[in-house]
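Data from target26.tsv: TSV, C-alpha atoms
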chain	number	residue	atom	x	y	z
A	1	MET	CA	0.00	0.00	0.00
A	2	ILE	CA	2.63	2.54	1.04
A	3	LEU	CA	4.71	1.58	-1.99
A	4	LEU	CA	1.73	2.34	-4.24
A	5	LEU	CA	1.29	5.71	-2.54
A	6	ILE	CA	4.99	6.61	-2.84
A	7	ARG	CA	5.04	5.53	-6.47
A	8	ARG	CA	2.03	7.69	-7.15
A	9	ASP	CA	3.51	10.71	-5.36
A	10	LEU	CA	6.79	10.39	-7.21
A	11	GLY	CA	4.98	9.94	-10.52
A	12	LEU	CA	3.06	13.17	-9.96
A	13	LEU	CA	6.17	15.02	-8.75
A	14	ALA	CA	8.17	13.86	-11.76
A	15	ARG	CA	5.54	15.32	-14.10
A	16	SER	CA	5.36	18.60	-12.27
A	17	PRO	CA	7.37	21.42	-13.86
A	18	ALA	CA	8.32	22.54	-10.34
A	19	LEU	CA	10.47	19.44	-9.79
A	20	TRP	CA	13.74	21.22	-10.54
A	21	MET	CA	12.90	24.44	-8.72
A	22	PRO	CA	14.32	23.55	-5.28
A	23	VAL	CA	17.68	22.38	-6.63
A	24	MET	CA	17.94	25.31	-9.06
A	25	PHE	CA	17.20	27.65	-6.18
A	26	PHE	CA	19.83	25.94	-4.06
A	27	VAL	CA	22.53	26.31	-6.71
A	28	LEU	CA	21.51	29.90	-7.41
A	29	VAL	CA	21.86	30.89	-3.75
A	30	ALA	CA	25.27	29.23	-3.63
A	31	ALA	CA	26.26	31.14	-6.79
A	32	LEU	CA	25.01	34.48	-5.47
A	33	PHE	CA	26.90	34.43	-2.20
A	34	PRO	CA	30.40	34.92	-3.63
A	35	PHE	CA	29.09	38.01	-5.41
A	36	ALA	CA	27.36	39.35	-2.32
A	37	VAL	CA	30.17	38.69	0.15
A	38	GLY	CA	33.10	39.32	-2.15
A	39	PRO	CA	35.93	37.08	-3.32
A	40	ASP	CA	37.44	36.45	0.12
A	41	ALA	CA	37.95	32.68	-0.14
A	42	ARG	CA	38.61	32.14	3.58
A	43	LEU	CA	35.50	34.00	4.64
A	44	LEU	CA	33.39	32.17	2.04
A	45	ALA	CA	34.67	28.78	3.16
A	46	ARG	CA	33.91	29.66	6.78
A	47	ILE	CA	30.29	30.67	6.14
A	48	ALA	CA	29.73	27.98	3.48
A	49	PRO	CA	27.99	25.43	5.75
A	50	GLY	CA	25.58	28.07	7.01
A	51	VAL	CA	24.81	29.25	3.48
A	52	VAL	CA	24.22	25.69	2.31
A	53	TRP	CA	21.90	24.92	5.21
A	54	VAL	CA	19.80	28.06	4.86
A	55	ALA	CA	19.54	27.39	1.12
A	56	ALA	CA	18.54	23.78	1.78
A	57	LEU	CA	15.90	24.86	4.29
A	58	LEU	CA	14.38	27.38	1.88
A	59	ALA	CA	14.57	24.85	-0.94
A	60	ALA	CA	12.57	22.40	1.17
A	61	LEU	CA	9.96	25.12	1.69
A	62	LEU	CA	9.68	26.06	-1.97
A	63	PRO	CA	7.14	23.40	-3.04
A	64	VAL	CA	5.14	23.57	0.20
A	65	ASP	CA	2.10	25.02	-1.62
A	66	THR	CA	1.78	21.99	-3.86
A	67	LEU	CA	2.63	19.27	-1.33
A	68	VAL	CA	-0.79	18.68	0.21
A	69	ALA	CA	-3.22	21.45	-0.78
A	70	PRO	CA	-4.10	20.14	-4.27
A	71	ASP	CA	-5.01	16.73	-2.82
A	72	VAL	CA	-7.36	18.37	-0.33
A	73	ALA	CA	-8.92	20.64	-2.94
A	74	ASP	CA	-9.56	17.98	-5.59
A	75	GLY	CA	-10.96	15.33	-3.24
A	76	THR	CA	-8.01	12.93	-3.39
A	77	ILE	CA	-7.71	12.93	0.41
A	78	ASP	CA	-11.47	12.18	0.65
A	79	GLN	CA	-11.13	9.25	-1.73
A	80	LEU	CA	-8.19	7.84	0.23
A	81	ALA	CA	-9.96	8.29	3.58
A	82	ALA	CA	-13.20	6.73	2.29
A	83	ARG	CA	-11.16	3.64	1.45
A	84	GLY	CA	-10.10	3.37	5.07
A	85	ILE	CA	-6.48	4.16	4.16
A	86	ALA	CA	-4.85	5.79	7.19
A	87	LEU	CA	-3.95	9.40	6.48
A	88	GLU	CA	-0.83	8.85	8.60
A	89	LEU	CA	0.30	6.39	5.95
A	90	VAL	CA	-0.53	8.82	3.17
A	91	MET	CA	1.46	11.55	4.87
A	92	ALA	CA	4.41	9.25	5.61
A	93	ALA	CA	4.52	8.38	1.91
A	94	ARG	CA	4.34	12.07	1.06
A	95	ILE	CA	7.29	12.86	3.35
A	96	LEU	CA	9.40	10.16	1.76
A	97	ALA	CA	8.44	11.26	-1.76
A	98	HIS	CA	9.18	14.91	-0.93
A	99	TRP	CA	12.56	13.96	0.52
A	100	LEU	CA	13.46	11.90	-2.55
A	101	ALA	CA	12.36	14.71	-4.85
A	102	PHE	CA	14.11	17.60	-3.11
A	103	ALA	CA	16.98	16.24	-1.01
A	104	LEU	CA	18.49	13.78	-3.47
A	105	PRO	CA	18.87	16.34	-6.29
A	106	LEU	CA	20.16	18.79	-3.70
A	107	LEU	CA	22.83	16.34	-2.53
A	108	THR	CA	23.90	15.73	-6.10
A	109	ALA	CA	24.17	19.50	-6.59
A	110	LEU	CA	26.24	19.90	-3.43
A	111	PRO	CA	29.60	19.51	-5.27
A	112	ILE	CA	28.64	22.45	-7.47
A	113	ALA	CA	27.85	24.53	-4.41
A	114	ALA	CA	31.13	23.39	-2.87
A	115	VAL	CA	33.09	24.72	-5.84
A	116	LEU	CA	31.17	28.01	-5.87
A	117	LEU	CA	31.75	28.54	-2.16
A	118	GLY	CA	35.34	27.30	-2.11
A	119	MET	CA	34.78	24.45	0.34
A	120	ASP	CA	37.60	21.97	0.86
A	121	SER	CA	37.04	18.30	1.56
A	122	ALA	CA	37.44	18.78	5.32
A	123	ILE	CA	34.23	20.80	5.26
A	124	PHE	CA	32.52	19.12	2.33
A	125	TRP	CA	32.21	15.57	3.62
A	126	PRO	CA	30.85	16.36	7.09
A	127	LEU	CA	28.43	18.79	5.45
A	128	ALA	CA	27.25	16.19	2.94
A	129	LEU	CA	26.71	13.69	5.74
A	130	ALA	CA	24.89	16.31	7.79
A	131	LEU	CA	22.58	17.15	4.88
A	132	LEU	CA	21.85	13.48	4.36
A	133	LEU	CA	20.92	13.12	8.03
A	134	GLY	CA	19.12	16.44	8.44
A	135	THR	CA	17.06	16.83	5.27
A	136	PRO	CA	14.53	14.14	6.28
A	137	ALA	CA	13.58	16.41	9.18
A	138	LEU	CA	13.14	19.34	6.76
A	139	ALA	CA	10.93	17.19	4.51
A	140	ALA	CA	8.84	16.10	7.50
A	141	LEU	CA	8.39	19.67	8.73
A	142	ALA	CA	7.48	20.86	5.24
A	143	VAL	CA	4.73	18.25	4.92
A	144	VAL	CA	3.33	19.09	8.37
A	145	ALA	CA	3.21	22.79	7.52
A	146	ALA	CA	1.69	21.99	4.11
A	147	ALA	CA	-1.05	19.94	5.78
A	148	LEU	CA	-1.71	22.62	8.39
A	149	THR	CA	-2.13	25.32	5.77
A	150	ALA	CA	-3.76	23.16	3.06
A	151	THR	CA	-7.20	24.73	3.40
A	152	LEU	CA	-5.98	28.31	3.70
A	153	ARG	CA	-5.62	30.70	0.82
A	154	GLY	CA	-2.03	31.83	0.43
A	155	GLY	CA	-1.00	29.30	3.04
A	156	GLY	CA	2.53	29.04	1.69
A	157	ALA	CA	3.77	32.13	3.49
A	158	LEU	CA	2.22	30.97	6.75
A	159	ALA	CA	3.80	27.56	6.25
A	160	GLY	CA	7.19	29.25	6.15
A	161	LEU	CA	6.54	30.98	9.46
A	162	ILE	CA	5.50	27.66	10.99
A	163	ILE	CA	8.52	25.74	9.80
A	164	LEU	CA	11.39	28.17	10.33
A	165	PRO	CA	11.40	28.15	14.15
A	166	LEU	CA	10.89	24.38	14.24
A	167	ALA	CA	13.81	23.90	11.88
A	168	LEU	CA	16.24	25.74	14.18
A	169	PRO	CA	17.64	22.62	15.90
A	170	VAL	CA	18.30	21.01	12.54
A	171	LEU	CA	20.02	24.16	11.36
A	172	ILE	CA	22.20	24.47	14.49
A	173	PHE	CA	23.35	20.85	14.52
A	174	GLY	CA	23.68	20.80	10.75
A	175	VAL	CA	25.93	23.85	10.54
A	176	GLY	CA	28.04	22.59	13.42
A	177	ALA	CA	28.44	19.18	11.81
A	178	THR	CA	32.16	19.06	12.59
A	179	ALA	CA	31.60	19.50	16.33
A	180	PRO	CA	31.65	16.29	18.37
A	181	GLY	CA	28.23	14.72	18.73
A	182	ALA	CA	26.50	17.17	16.37
A	183	LEU	CA	25.74	14.52	13.77
A	184	LYS	CA	24.17	12.28	16.41
A	185	LEU	CA	21.95	15.12	17.63
A	186	LEU	CA	21.08	15.93	14.03
A	187	ALA	CA	20.07	12.33	13.39
A	188	ALA	CA	18.05	12.38	16.61
A	189	ALA	CA	16.23	15.55	15.52
A	190	SER	CA	15.46	13.90	12.19
A	191	LEU	CA	14.15	10.76	13.86
A	192	VAL	CA	11.88	12.74	16.18
A	193	ALA	CA	10.55	14.83	13.29
A	194	LEU	CA	9.95	11.73	11.14
A	195	ALA	CA	8.19	9.92	13.98
A	196	VAL	CA	5.86	12.78	14.87
A	197	ALA	CA	5.22	14.36	11.47
A	198	PRO	CA	2.89	11.77	9.84
A	199	PHE	CA	0.57	11.92	12.86
A	200	ALA	CA	0.65	15.70	13.09
A	201	ALA	CA	-0.01	16.10	9.35
A	202	ALA	CA	-2.84	13.55	9.40
A	203	ALA	CA	-4.44	15.24	12.42
A	204	ALA	CA	-4.30	18.56	10.56
A	205	LEU	CA	-6.17	17.05	7.62
A	206	ARG	CA	-8.97	15.46	9.62
A	207	GLN	CA	-12.22	17.41	9.68
A	208	ASP	CA	-14.27	17.87	12.78
B	1	MET	CA	-19.84	-6.73	-8.50
B	2	PRO	CA	-19.18	-7.45	-4.80
B	3	ARG	CA	-18.44	-11.12	-4.37
B	4	VAL	CA	-20.14	-11.77	-1.03
B	5	SER	CA	-23.23	-10.30	0.51
B	6	PRO	CA	-22.12	-7.74	3.08
B	7	ASP	CA	-23.68	-6.81	6.39
B	8	PRO	CA	-26.65	-4.51	6.24
B	9	LEU	CA	-25.93	-0.86	6.98
B	10	ILE	CA	-27.57	0.22	10.22
B	11	VAL	CA	-27.68	3.87	11.21
B	12	THR	CA	-28.92	4.74	14.70
B	13	ASP	CA	-29.85	8.15	16.09
B	14	LEU	CA	-27.40	10.01	13.89
B	15	ALA	CA	-26.94	13.74	14.38
B	16	CYS	CA	-25.00	16.19	12.27
B	17	GLN	CA	-23.70	19.52	13.43
B	18	ARG	CA	-21.87	21.95	11.16
B	19	GLY	CA	-20.56	24.90	13.10
B	20	ASP	CA	-23.42	26.14	15.25
B	21	ARG	CA	-26.10	24.66	13.03
B	22	LEU	CA	-27.74	21.34	13.83
B	23	LEU	CA	-28.56	19.92	10.38
B	24	PHE	CA	-30.39	16.81	11.57
B	25	GLU	CA	-30.67	14.59	14.63
B	26	GLY	CA	-32.27	11.32	15.65
B	27	LEU	CA	-31.84	9.94	12.15
B	28	SER	CA	-32.17	6.14	11.96
B	29	PHE	CA	-32.42	3.88	8.94
B	30	ARG	CA	-31.30	0.55	7.66
B	31	VAL	CA	-30.22	-0.60	4.20
B	32	ASP	CA	-30.12	-4.34	3.49
B	33	PRO	CA	-27.99	-6.02	0.83
B	34	GLY	CA	-29.60	-5.34	-2.53
B	35	GLY	CA	-31.35	-2.28	-1.12
B	36	ALA	CA	-31.19	1.35	-2.10
B	37	LEU	CA	-31.86	4.60	-0.33
B	38	GLN	CA	-32.50	8.05	-1.75
B	39	LEU	CA	-31.60	11.06	0.38
B	40	GLU	CA	-33.86	13.95	-0.42
B	41	GLY	CA	-34.19	17.48	0.81
B	42	PRO	CA	-33.40	21.05	-0.14
B	43	ASN	CA	-29.89	22.45	-0.61
B	44	GLY	CA	-28.03	22.67	2.67
B	45	SER	CA	-30.23	20.14	4.46
B	46	GLY	CA	-27.29	17.85	5.16
B	47	LYS	CA	-27.46	15.26	2.37
B	48	SER	CA	-23.82	15.61	1.45
B	49	SER	CA	-22.80	15.74	5.12
B	50	LEU	CA	-24.73	12.51	5.76
B	51	LEU	CA	-22.96	10.83	2.84
B	52	ARG	CA	-19.60	12.05	4.13
B	53	MET	CA	-20.42	10.59	7.54
B	54	LEU	CA	-21.36	7.26	5.98
B	55	ALA	CA	-18.06	7.37	4.07
B	56	GLY	CA	-16.16	7.97	7.30
B	57	LEU	CA	-15.02	11.45	6.28
B	58	LEU	CA	-16.99	13.32	8.93
B	59	ARG	CA	-17.49	12.42	12.56
B	60	PRO	CA	-21.13	12.27	13.63
B	61	ALA	CA	-22.12	14.65	16.43
B	62	ALA	CA	-24.07	11.74	17.94
B	63	GLY	CA	-25.27	8.29	16.97
B	64	ARG	CA	-23.80	5.18	15.38
B	65	ILE	CA	-23.11	3.82	11.92
B	66	ASP	CA	-22.66	0.04	11.78
B	67	GLY	CA	-21.95	-2.46	9.02
B	68	GLY	CA	-22.26	-1.88	5.32
B	69	GLY	CA	-18.79	-3.09	4.38
B	70	ALA	CA	-16.34	-1.12	2.28
B	71	ARG	CA	-17.49	2.17	0.79
B	72	GLY	CA	-17.25	3.47	-2.75
B	73	PHE	CA	-17.64	7.24	-2.58
B	74	LEU	CA	-18.56	9.67	-5.32
B	75	GLY	CA	-18.41	13.23	-4.04
B	76	HIS	CA	-18.48	16.59	-5.74
B	77	ASP	CA	-14.72	16.68	-6.19
B	78	TRP	CA	-13.27	14.82	-9.14
B	79	ALA	CA	-10.07	13.56	-7.51
B	80	LEU	CA	-8.52	13.38	-10.97
B	81	LYS	CA	-5.14	15.03	-11.55
B	82	PRO	CA	-5.45	17.41	-14.53
B	83	GLY	CA	-2.15	16.42	-16.12
B	84	MET	CA	-2.64	12.66	-15.91
B	85	ARG	CA	-4.38	10.47	-18.46
B	86	LEU	CA	-7.76	9.11	-17.43
B	87	GLY	CA	-6.68	5.50	-17.87
B	88	ALA	CA	-3.63	5.98	-15.64
B	89	GLU	CA	-5.72	7.73	-12.98
B	90	LEU	CA	-8.36	5.02	-12.77
B	91	THR	CA	-5.67	2.34	-12.87
B	92	HIS	CA	-4.00	3.96	-9.86
B	93	TRP	CA	-7.22	3.89	-7.85
B	94	ALA	CA	-8.07	0.37	-8.98
B	95	ARG	CA	-4.62	-0.72	-7.80
B	96	LEU	CA	-5.29	0.78	-4.38
B	97	ASP	CA	-8.60	-1.11	-4.34
B	98	ASP	CA	-7.06	-4.34	-5.58
B	99	GLY	CA	-9.58	-4.04	-8.40
B	100	LEU	CA	-7.53	-4.05	-11.61
B	101	ALA	CA	-9.51	-7.06	-12.83
B	102	ARG	CA	-12.79	-5.17	-12.38
B	103	LEU	CA	-11.61	-1.99	-14.11
B	104	PRO	CA	-12.22	-2.92	-17.79
B	105	ALA	CA	-15.84	-3.85	-17.05
B	106	ALA	CA	-16.36	-0.62	-15.12
B	107	LEU	CA	-14.87	1.46	-17.95
B	108	ALA	CA	-17.08	-0.32	-20.46
B	109	ALA	CA	-20.17	0.17	-18.28
B	110	MET	CA	-19.57	3.93	-18.23
B	111	GLN	CA	-18.45	4.01	-21.90
B	112	LEU	CA	-15.05	5.39	-21.00
B	113	ALA	CA	-12.96	2.74	-22.75
B	114	ASP	CA	-12.09	5.14	-25.61
B	115	LEU	CA	-11.06	7.99	-23.32
B	116	GLY	CA	-8.18	6.22	-21.56
B	117	ASP	CA	-5.51	8.32	-23.31
B	118	VAL	CA	-7.17	11.68	-22.72
B	119	PRO	CA	-5.58	13.96	-20.09
B	120	CYS	CA	-8.10	14.58	-17.34
B	121	ARG	CA	-8.02	18.34	-17.84
B	122	HIS	CA	-9.61	17.81	-21.27
B	123	LEU	CA	-12.57	15.84	-19.93
B	124	SER	CA	-16.01	17.42	-19.73
B	125	SER	CA	-17.75	17.50	-16.37
B	126	GLY	CA	-20.07	14.69	-17.43
B	127	GLN	CA	-17.09	12.57	-18.43
B	128	ARG	CA	-15.41	13.29	-15.10
B	129	ARG	CA	-18.52	12.23	-13.25
B	130	ARG	CA	-18.63	9.01	-15.27
B	131	ALA	CA	-14.98	8.49	-14.38
B	132	GLY	CA	-15.89	8.91	-10.71
B	133	LEU	CA	-18.68	6.36	-11.12
B	134	ALA	CA	-16.33	3.93	-12.86
B	135	ARG	CA	-13.93	4.32	-9.93
B	136	VAL	CA	-16.74	3.43	-7.52
B	137	MET	CA	-17.68	0.38	-9.63
B	138	ALA	CA	-14.11	-0.86	-9.93
B	139	SER	CA	-13.58	-0.51	-6.19
B	140	GLY	CA	-15.70	-3.60	-5.59
B	141	ALA	CA	-17.12	-1.91	-2.49
B	142	PRO	CA	-20.56	-3.26	-1.57
B	143	LEU	CA	-21.86	0.13	-0.41
B	144	TRP	CA	-22.00	2.90	-3.02
B	145	LEU	CA	-22.36	6.44	-1.68
B	146	LEU	CA	-23.24	8.75	-4.54
B	147	ASP	CA	-23.66	12.50	-4.17
B	148	GLU	CA	-25.96	13.70	-6.96
B	149	PRO	CA	-24.57	11.11	-9.38
B	150	THR	CA	-26.63	12.32	-12.34
B	151	ALA	CA	-25.52	15.96	-12.13
B	152	GLY	CA	-23.99	16.85	-15.48
B	153	LEU	CA	-24.81	13.50	-17.10
B	154	ASP	CA	-26.62	13.28	-20.44
B	155	THR	CA	-29.67	11.02	-20.75
B	156	ALA	CA	-27.69	8.14	-22.25
B	157	SER	CA	-25.28	8.24	-19.29
B	158	VAL	CA	-28.17	8.37	-16.82
B	159	THR	CA	-29.45	5.15	-18.38
B	160	LEU	CA	-25.98	3.60	-18.09
B	161	LEU	CA	-25.86	4.56	-14.42
B	162	ALA	CA	-29.33	3.13	-13.76
B	163	GLY	CA	-28.24	-0.16	-15.34
B	164	ALA	CA	-25.03	-0.24	-13.32
B	165	MET	CA	-26.86	0.43	-10.06
B	166	ALA	CA	-29.42	-2.30	-10.84
B	167	ALA	CA	-26.63	-4.80	-11.57
B	168	HIS	CA	-24.84	-3.80	-8.38
B	169	ARG	CA	-27.98	-4.34	-6.30
B	170	ALA	CA	-28.77	-7.63	-8.04
B	171	SER	CA	-25.45	-8.98	-6.81
B	172	GLY	CA	-26.13	-7.91	-3.23
B	173	GLY	CA	-24.70	-4.39	-3.31
B	174	MET	CA	-26.24	-1.32	-1.71
B	175	VAL	CA	-26.69	2.18	-3.09
B	176	ILE	CA	-27.26	5.37	-1.13
B	177	ALA	CA	-27.62	8.48	-3.25
B	178	ALA	CA	-28.31	12.12	-2.53
B	179	VAL	CA	-30.69	13.18	-5.28
B	180	HIS	CA	-32.86	15.92	-6.66
B	181	GLY	CA	-35.52	14.01	-8.55
B	182	ASP	CA	-35.41	10.53	-10.00
B	183	ILE	CA	-32.07	8.89	-10.85
B	184	GLY	CA	-33.45	5.52	-11.96
B	185	LEU	CA	-33.26	3.54	-8.73
B	186	ALA	CA	-35.97	0.87	-8.65
B	187	GLY	CA	-38.04	0.93	-5.46
B	188	PRO	CA	-35.63	2.86	-3.24
B	189	GLY	CA	-36.18	3.65	0.41
B	190	ARG	CA	-36.37	7.36	1.03
B	191	VAL	CA	-34.97	9.58	3.75
B	192	ARG	CA	-36.11	13.18	3.68
B	193	LEU	CA	-33.96	15.77	5.40
B	194	ALA	CA	-35.60	19.05	6.24
Starting from the coordinates I provided, produce the structure as structure tokens.
Amino acid sequence: MILLLIRRDLGLLARSPALWMPVMFFVLVAALFPFAVGPDARLLARIAPGVVWVAALLAALLPVDTLVAPDVADGTIDQLAARGIALELVMAARILAHWLAFALPLLTALPIAAVLLGMDSAIFWPLALALLLGTPALAALAVVAAALTATLRGGGALAGLIILPLALPVLIFGVGATAPGALKLLAAASLVALAVAPFAAAAALRQD
Amino acid sequence: MPRVSPDPLIVTDLACQRGDRLLFEGLSFRVDPGGALQLEGPNGSGKSSLLRMLAGLLRPAAGRIDGGGARGFLGHDWALKPGMRLGAELTHWARLDDGLARLPAALAAMQLADLGDVPCRHLSSGQRRRAGLARVMASGAPLWLLDEPTAGLDTASVTLLAGAMAAHRASGGMVIAAVHGDIGLAGPGRVRLA
């Protein structure tokens, strides 16, 4: 069942023209920073992890309007619920599909960002590992916010306000990936977010 | 199309509240296998809300809903993705329902077999409604919940629907429909909401 749902979500995402937006956005931010900060390679390398994480967070937020709202508006959620399919399962599939669609392209684009920001391998590899561990939490938060704002007009902006404070722990541990224990705390934050998010998102979708 | 006769649907003392408004209360009825029920009443009387309760989409303010087996629900929303082809959409839902084997018959019954390659955004509203009906048929659910199923259908399609509902009931299925006027159900029970 969950495989069918994930396959469906990925099929729809793959057809959507917005598929490449998050990764394009990510690369663009990485390309803009050297221009904005100036060509000081040491400074760039020092702020690179922070830049990458903020870009990743905003990239996760970019498709938040289309993550859940269309399914509520067109009756897809009704059809799934009438079949007795748990909305928690639907939302878990959505989180996984969103992660595959935004985080995997982003990780493959990370070497490009590394070149643009002048990262060396001592920064690059911990950062890549941190992104791998931390982006599931970002995907989970994005789906929760998308579900919370699905019935609101212009909910995307509100979704951003909901997610940003909740994403702070991920950001802190992610940027400090080279500090001892940071990766473990990052993984823990991801696990907590992944465990709670399907239930929170499903509760947000249920009508009274 | 259901293979075994399901339990009868028994509704006891159901009440529906939307916001501050009490739409109905103390509503009780029973639908036996092979039976049909028409929900009648003016706009806003709670027909759609009752169907959504029976489909498990809305929690009743009071009362119980028992039995009836799996539900096939046709609401006002199409639940068809505009960019996808009709055949792919219905195949997806049939897969979720474990009903791929039933899908060709359902498509034929609603005369949709030729439209499989058409993107859903190009379908007319009548065609979308027929697609929704075909999805209900292919689900194999014994209890059909249809919200104004004939809205937007031409007379030929209304006849198709009447035939499909009769066949469904003949094999032990149940139909509950919110209607304005006659939709071709033979000898239905009636519930009137004020």
Need to verify the contact set: A:Thr66, 12 Å, all atoms listed in the file, exclusion of same-chain residues closer than 2 positions in sequence. Can you return it as a PyMOL selection string?
chain A and resi 9+12-13+16-19+60-64+68-73+94+98+142-143+145-147+149-151+154-156+159
With all atoms listed in the file as the basis for distance, which of B:Ala109, B:Ser48, B:Leu123, B:Gly152 is at the shortest distance from B:Met84?
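Result for the nearest residue to B:Met84: B:Leu123.
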Considering all atoms listed in the file, extract the chain B residues located within 12 Å of chain A and return them as an MDAnalysis selection string.
chainID B and resid 16:19 49 51:61 69:85 88:89 91:98 132 135:136 139:141 143:145
List the neighbours of B:Ala113 out to 12 Å using all atoms listed in the file; skip same-chain residues closer than 3 positions along the sequence, and give me the result as a ChimeraX atom specification.
/B:86-87,90,103-110,116-118,127,130-131,134
Tell me, in Å to one decimal, how far atom CA of B:Leu193 is from atom CA of B:Gly26.
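Going from atom CA of B:Leu193 over to atom CA of B:Gly26, I get 11.3 Å.
Atom CA of A:Val54 lies 17.1 Å from atom CA of A:Phe35.
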How many Å lie between atom CA of A:Pro105 and atom CA of A:Val23, rounded to one decimal?
6.2 Å
Would you mind listing what lies within 10 Å of A:Ala188 as a CSV table (one decimal) with C-alpha atoms, in the frame of the given file, with all atoms listed in the file counted and same-chain residues fewer than 3 positions away left out?
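out.csv written:
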chain,number,residue,atom,x,y,z
A,133,LEU,CA,20.9,13.1,8.0
A,134,GLY,CA,19.1,16.4,8.4
A,137,ALA,CA,13.6,16.4,9.2
A,170,VAL,CA,18.3,21.0,12.5
A,182,ALA,CA,26.5,17.2,16.4
A,183,LEU,CA,25.7,14.5,13.8
A,184,LYS,CA,24.2,12.3,16.4
A,185,LEU,CA,22.0,15.1,17.6
A,191,LEU,CA,14.2,10.8,13.9
A,192,VAL,CA,11.9,12.7,16.2
A,193,ALA,CA,10.6,14.8,13.3
A,194,LEU,CA,10.0,11.7,11.1
Using only C-alpha atoms, which of A:Leu58, A:Ala92, A:Val115, A:Leu110 sits nearest A:Ala157?
A:Leu58
Mind giving me the axis-aligned box for stretch 144-158 of chain A with 8 Å on every side, centre plus edges in Å to one decimal, as AutoDock Vina command-line options?
--center_x -1.7 --center_y 25.6 --center_z 4.4 --size_x 27.0 --size_y 29.0 --size_z 24.0
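With only C-alpha atoms as the atoms that count, the residue of B:Ala156, B:Leu14, B:Leu112, B:Leu185 with the shortest distance to B:Leu50 is B:Leu14.
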Counting all atoms listed in the file, what is within 6 Å of stretch 87-91 of chain A, bar same-chain residues fewer than 6 positions away, as an MDAnalysis selection string?
chainID A and resid 198:199 202
Residue with smallest distance to A:Ala187 - pool A:Leu10, A:Ala122, A:Ala130, A:Val37, counting all atoms listed in the file
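Answer, going by the shortest atom-to-atom distance: A:Ala130.
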Calculated over all atoms listed in the file, which of the candidates A:Val27, A:Ala93, A:Gly174, A:Ala59 has the smallest distance to A:Leu3?
A:Ala93
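If you count only C-alpha atoms and ignore residues fewer than 5 places along the chain from B:Ala162, what sits within 12 Å of it is Ala36, Ala109, Met110, Leu133, Pro149, Thr150, Leu153, Thr155, Ala156, Ser157, Ala167, His168, Arg169, Val175, Ala177, Asp182, Ile183, Gly184, Leu185 and Ala186 of chain B.
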For those residues, write C-alpha atoms to a file as a PDB file, keeping the file's coordinate frame.
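Saved the output as result_4.pdb:
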ATOM      1  CA  ALA B  36     -31.190   1.350  -2.100  1.00  0.00           C
ATOM      2  CA  ALA B 109     -20.170   0.170 -18.280  1.00  0.00           C
ATOM      3  CA  MET B 110     -19.570   3.930 -18.230  1.00  0.00           C
ATOM      4  CA  LEU B 133     -18.680   6.360 -11.120  1.00  0.00           C
ATOM      5  CA  PRO B 149     -24.570  11.110  -9.380  1.00  0.00           C
ATOM      6  CA  THR B 150     -26.630  12.320 -12.340  1.00  0.00           C
ATOM      7  CA  LEU B 153     -24.810  13.500 -17.100  1.00  0.00           C
ATOM      8  CA  THR B 155     -29.670  11.020 -20.750  1.00  0.00           C
ATOM      9  CA  ALA B 156     -27.690   8.140 -22.250  1.00  0.00           C
ATOM     10  CA  SER B 157     -25.280   8.240 -19.290  1.00  0.00           C
ATOM     11  CA  ALA B 167     -26.630  -4.800 -11.570  1.00  0.00           C
ATOM     12  CA  HIS B 168     -24.840  -3.800  -8.380  1.00  0.00           C
ATOM     13  CA  ARG B 169     -27.980  -4.340  -6.300  1.00  0.00           C
ATOM     14  CA  VAL B 175     -26.690   2.180  -3.090  1.00  0.00           C
ATOM     15  CA  ALA B 177     -27.620   8.480  -3.250  1.00  0.00           C
ATOM     16  CA  ASP B 182     -35.410  10.530 -10.000  1.00  0.00           C
ATOM     17  CA  ILE B 183     -32.070   8.890 -10.850  1.00  0.00           C
ATOM     18  CA  GLY B 184     -33.450   5.520 -11.960  1.00  0.00           C
ATOM     19  CA  LEU B 185     -33.260   3.540  -8.730  1.00  0.00           C
ATOM     20  CA  ALA B 186     -35.970   0.870  -8.650  1.00  0.00           C
TER      21      ALA B 186
END
